[in-house]
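Below is one structure, written out as structure tokens; comments come after it.
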Amino acid sequence: MAQRILAADIGGTSSRFGFFILESGMSEPRLEHVVRLPTAQSDSFAGLLVRVFAEPRPFAAAACDLAVLAVPGAVENGFCSAPNIKWSIDLRDIGCVGLRHGALINDFSAQAYGCRSSAARGALVLQPGAERSGGPDGPDELAGPPASLGRAGQSAVMAVIGAGTGLGHCALVPDGAGGSLAVPSEAGHAAFPFVGEEENAYGEYVRRVARLPFCHGDAIVTGSGLARLHAFLTGEELSPAEVTARLADSPRTVEWFARFYGRAARNYALTVLAVGGVLLSGGVAARTPALVQHPAFLAEFCNSVAYSGLLAGTPVSLNRNEDLGVFGAAAYGAQRLRKRG
């Protein structure tokens, strides 16, 4: 008997809702349709859901077996006060459109579950690591679902980190029963480490213009962080999109951002010992791969007094599928439905 999953990836900029069908014997749910909506155009979480079902969809809300909503913030008792969204997200509000069963998970938990789904095929390999598989589109492609990222497949910890509106983190940890457990993190709100006088001067600049008590990852390795960095280095105050359009003529902006991104990825990889691989996600690098393909990224990622060898052997890849979180939320939903039996 087929089961229906509504899988959402709600972001500070845009929200994606995937309608999935899970049939007996399927390794993962099948995507039927995706709805993409600008988050800020809704004045509440309930309002966003109403917009999703304002038009005919592959199945009605009342026919949905489980809605899994990935949200950009810490989840506590079915509630999330997302730092980059003007309204809060309360799981109880799903009833306003007729949804009966739901779950809230952190958005990067969804990214983590998604990194073992078919949505991660075609991730761009930045560092092959100890093991590498050439894919169907050439030597820089993953051959299959991202179990191929790691030396030990599902027996090793993987890490997902992604610069977008914020700087998301999550670890995917073996559960001891052949599966994986996503361990969410809000490390993007931890203090960001600067090195040397020039970097520390930049940190003071960010702290001043952003009115922060200290600089954290969300202020540095994000779209808004890219704009601040460009302003500091060039004097040009531009939007993130405008900076992106000028990166070919802004080599220092690219080099600094790549170094900061590599540092954030290294620190998280060491924190969770992600020998299974690191997957970069989030819209910043997905839209502008040069920001992580610059040599400064891997030079900083592998820069460690004690663990440079381990880091140099850690697979690092860049996700290019912006619907990865939707697939991950669906994968989590399928796991829940199978356990429900």
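All residue names refer to the structure tokens as shown: chains lettered A, B, ... in order, residues numbered from 1 in each chain, ligands numbered from 1 in order.
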I want to know what sits within 7 Å of range 290-297 of chain A, based on only C-alpha atoms, with residues of the same chain fewer than 5 positions away left out; could you give that as a list in words? Leu126, Val254, Glu255, Phe257, Ala258, Arg259, Tyr261, Gly262 and Ala285 of chain A
Please produce a file of the residues just selected, as an mmCIF file, in the first residue's frame, where the atoms kept are C-alpha atoms.
```cif
data_model
loop_
_atom_site.group_PDB
_atom_site.id
_atom_site.type_symbol
_atom_site.label_atom_id
_atom_site.label_comp_id
_atom_site.auth_asym_id
_atom_site.auth_seq_id
_atom_site.Cartn_x
_atom_site.Cartn_y
_atom_site.Cartn_z
ATOM 1 C CA LEU A 126 36.662 18.705 -4.349
ATOM 2 C CA VAL A 254 37.142 34.840 -3.437
ATOM 3 C CA GLU A 255 40.397 33.879 -1.709
ATOM 4 C CA PHE A 257 35.885 33.613 1.547
ATOM 5 C CA ALA A 258 37.327 30.266 0.392
ATOM 6 C CA ARG A 259 39.750 30.327 3.330
ATOM 7 C CA TYR A 261 34.746 28.394 4.401
ATOM 8 C CA GLY A 262 37.596 25.869 4.517
ATOM 9 C CA ALA A 285 28.722 27.596 -3.141
#
```
Just the residues within 12 Å of Glu199 in chain A, please, counting only C-alpha atoms, with nothing from its chain fewer than 3 positions along; format it as a PDB file with C-alpha atoms, in the first residue's frame.
```pdb
ATOM      1  CA  PHE A 192      34.254  32.349  14.392  1.00  0.00           C
ATOM      2  CA  PRO A 193      38.060  32.125  14.742  1.00  0.00           C
ATOM      3  CA  PHE A 194      40.197  34.746  12.994  1.00  0.00           C
ATOM      4  CA  VAL A 195      43.962  34.446  12.500  1.00  0.00           C
ATOM      5  CA  GLY A 196      46.395  37.372  12.246  1.00  0.00           C
ATOM      6  CA  TYR A 202      37.973  42.334   9.522  1.00  0.00           C
ATOM      7  CA  GLY A 203      36.343  40.699  12.531  1.00  0.00           C
ATOM      8  CA  GLU A 204      36.170  44.041  14.301  1.00  0.00           C
ATOM      9  CA  TYR A 205      34.668  45.587  11.168  1.00  0.00           C
ATOM     10  CA  VAL A 206      31.944  42.933  10.991  1.00  0.00           C
ATOM     11  CA  CYS A 215      31.490  37.350  15.199  1.00  0.00           C
ATOM     12  CA  ILE A 220      31.013  35.348   8.073  1.00  0.00           C
ATOM     13  CA  LEU A 229      33.776  40.744   3.165  1.00  0.00           C
ATOM     14  CA  PHE A 232      35.782  45.446   3.741  1.00  0.00           C
ATOM     15  CA  LEU A 233      38.280  44.481   1.030  1.00  0.00           C
ATOM     16  CA  TRP A 256      39.347  35.169   1.722  1.00  0.00           C
ATOM     17  CA  PHE A 257      35.885  33.613   1.547  1.00  0.00           C
ATOM     18  CA  ARG A 259      39.750  30.327   3.330  1.00  0.00           C
ATOM     19  CA  PHE A 260      37.004  31.113   5.831  1.00  0.00           C
TER      20      PHE A 260
END
```
Find, counting only C-alpha atoms, the residue in A:Val209, A:Leu273, A:Val278, A:Ala329 that gets nearest to Ala103 in chain A.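 Closest to Ala103 in chain A, using only C-alpha atoms: A:Ala329.
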Do you know which residues are at most 6 Å from range 33-45 of chain A counting only C-alpha atoms, after dropping those on the same chain fewer than 4 positions away, and could you put them as a short mmCIF file (atom, residue, chain, number, x, y, z; two decimals) with C-alpha atoms, in the first residue's frame?
```
data_model
loop_
_atom_site.label_atom_id
_atom_site.label_comp_id
_atom_site.auth_asym_id
_atom_site.auth_seq_id
_atom_site.Cartn_x
_atom_site.Cartn_y
_atom_site.Cartn_z
CA THR A 13 14.93 32.88 1.60
CA SER A 14 12.81 30.20 -0.07
CA SER A 15 10.79 27.15 0.92
CA ARG A 16 10.43 23.90 -1.02
CA PHE A 17 7.65 21.35 -0.58
CA GLY A 18 8.00 17.90 -2.15
CA PHE A 19 5.11 15.50 -2.64
CA TRP A 87 7.72 34.23 12.23
CA ILE A 89 7.09 27.55 13.31
#
```
Would you pick out the contacts of Leu270 in chain A at 10 Å or less, using only C-alpha atoms, so that residues sharing its chain but fewer than 6 positions from it are not included, and give the list as a PyMOL selection string? chain A and resi 159+304+307+310-311
Take the residues from that selection and write them out as a PDB file, in the first residue's frame, keeping C-alpha atoms.
```pdb
ATOM      1  CA  ALA A 159      29.405  15.898   8.141  1.00  0.00           C
ATOM      2  CA  SER A 304      46.133  21.201  11.155  1.00  0.00           C
ATOM      3  CA  TYR A 307      45.579  15.982  11.835  1.00  0.00           C
ATOM      4  CA  LEU A 310      43.538  12.681   8.328  1.00  0.00           C
ATOM      5  CA  LEU A 311      41.982  15.787   6.783  1.00  0.00           C
TER       6      LEU A 311
END
```
Proximity to Met1 in chain A - best of A:Asp65, A:Arg121, A:Ala46, A:Asp218, only C-alpha atoms: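 That would be A:Asp65, the residue with the smallest distance to Met1 in chain A.
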Env of Ser24 in chain A: 9 Å cut, atoms = only C-alpha atoms, seq-sep filter 3 positions within chain, self excluded. Answer as JSON, numbers by chain. {"A": [1, 2, 3, 27]}
Keeping only N, CA and C atoms, write the selected residues to a file as a short mmCIF file (atom, residue, chain, number, x, y, z; two decimals), in the first residue's frame.
```cif
data_model
loop_
_atom_site.label_atom_id
_atom_site.label_comp_id
_atom_site.auth_asym_id
_atom_site.auth_seq_id
_atom_site.Cartn_x
_atom_site.Cartn_y
_atom_site.Cartn_z
N MET A 1 0.84 -1.20 0.00
CA MET A 1 0.00 0.00 0.00
C MET A 1 0.88 1.25 0.00
N ALA A 2 0.60 2.14 -0.93
CA ALA A 2 1.40 3.36 -1.05
C ALA A 2 1.11 4.32 0.10
N GLN A 3 2.13 4.98 0.56
CA GLN A 3 1.99 6.01 1.58
C GLN A 3 2.48 7.34 1.02
N SER A 27 13.39 1.56 -2.14
CA SER A 27 14.53 1.93 -1.30
C SER A 27 14.41 3.35 -0.79
#
```
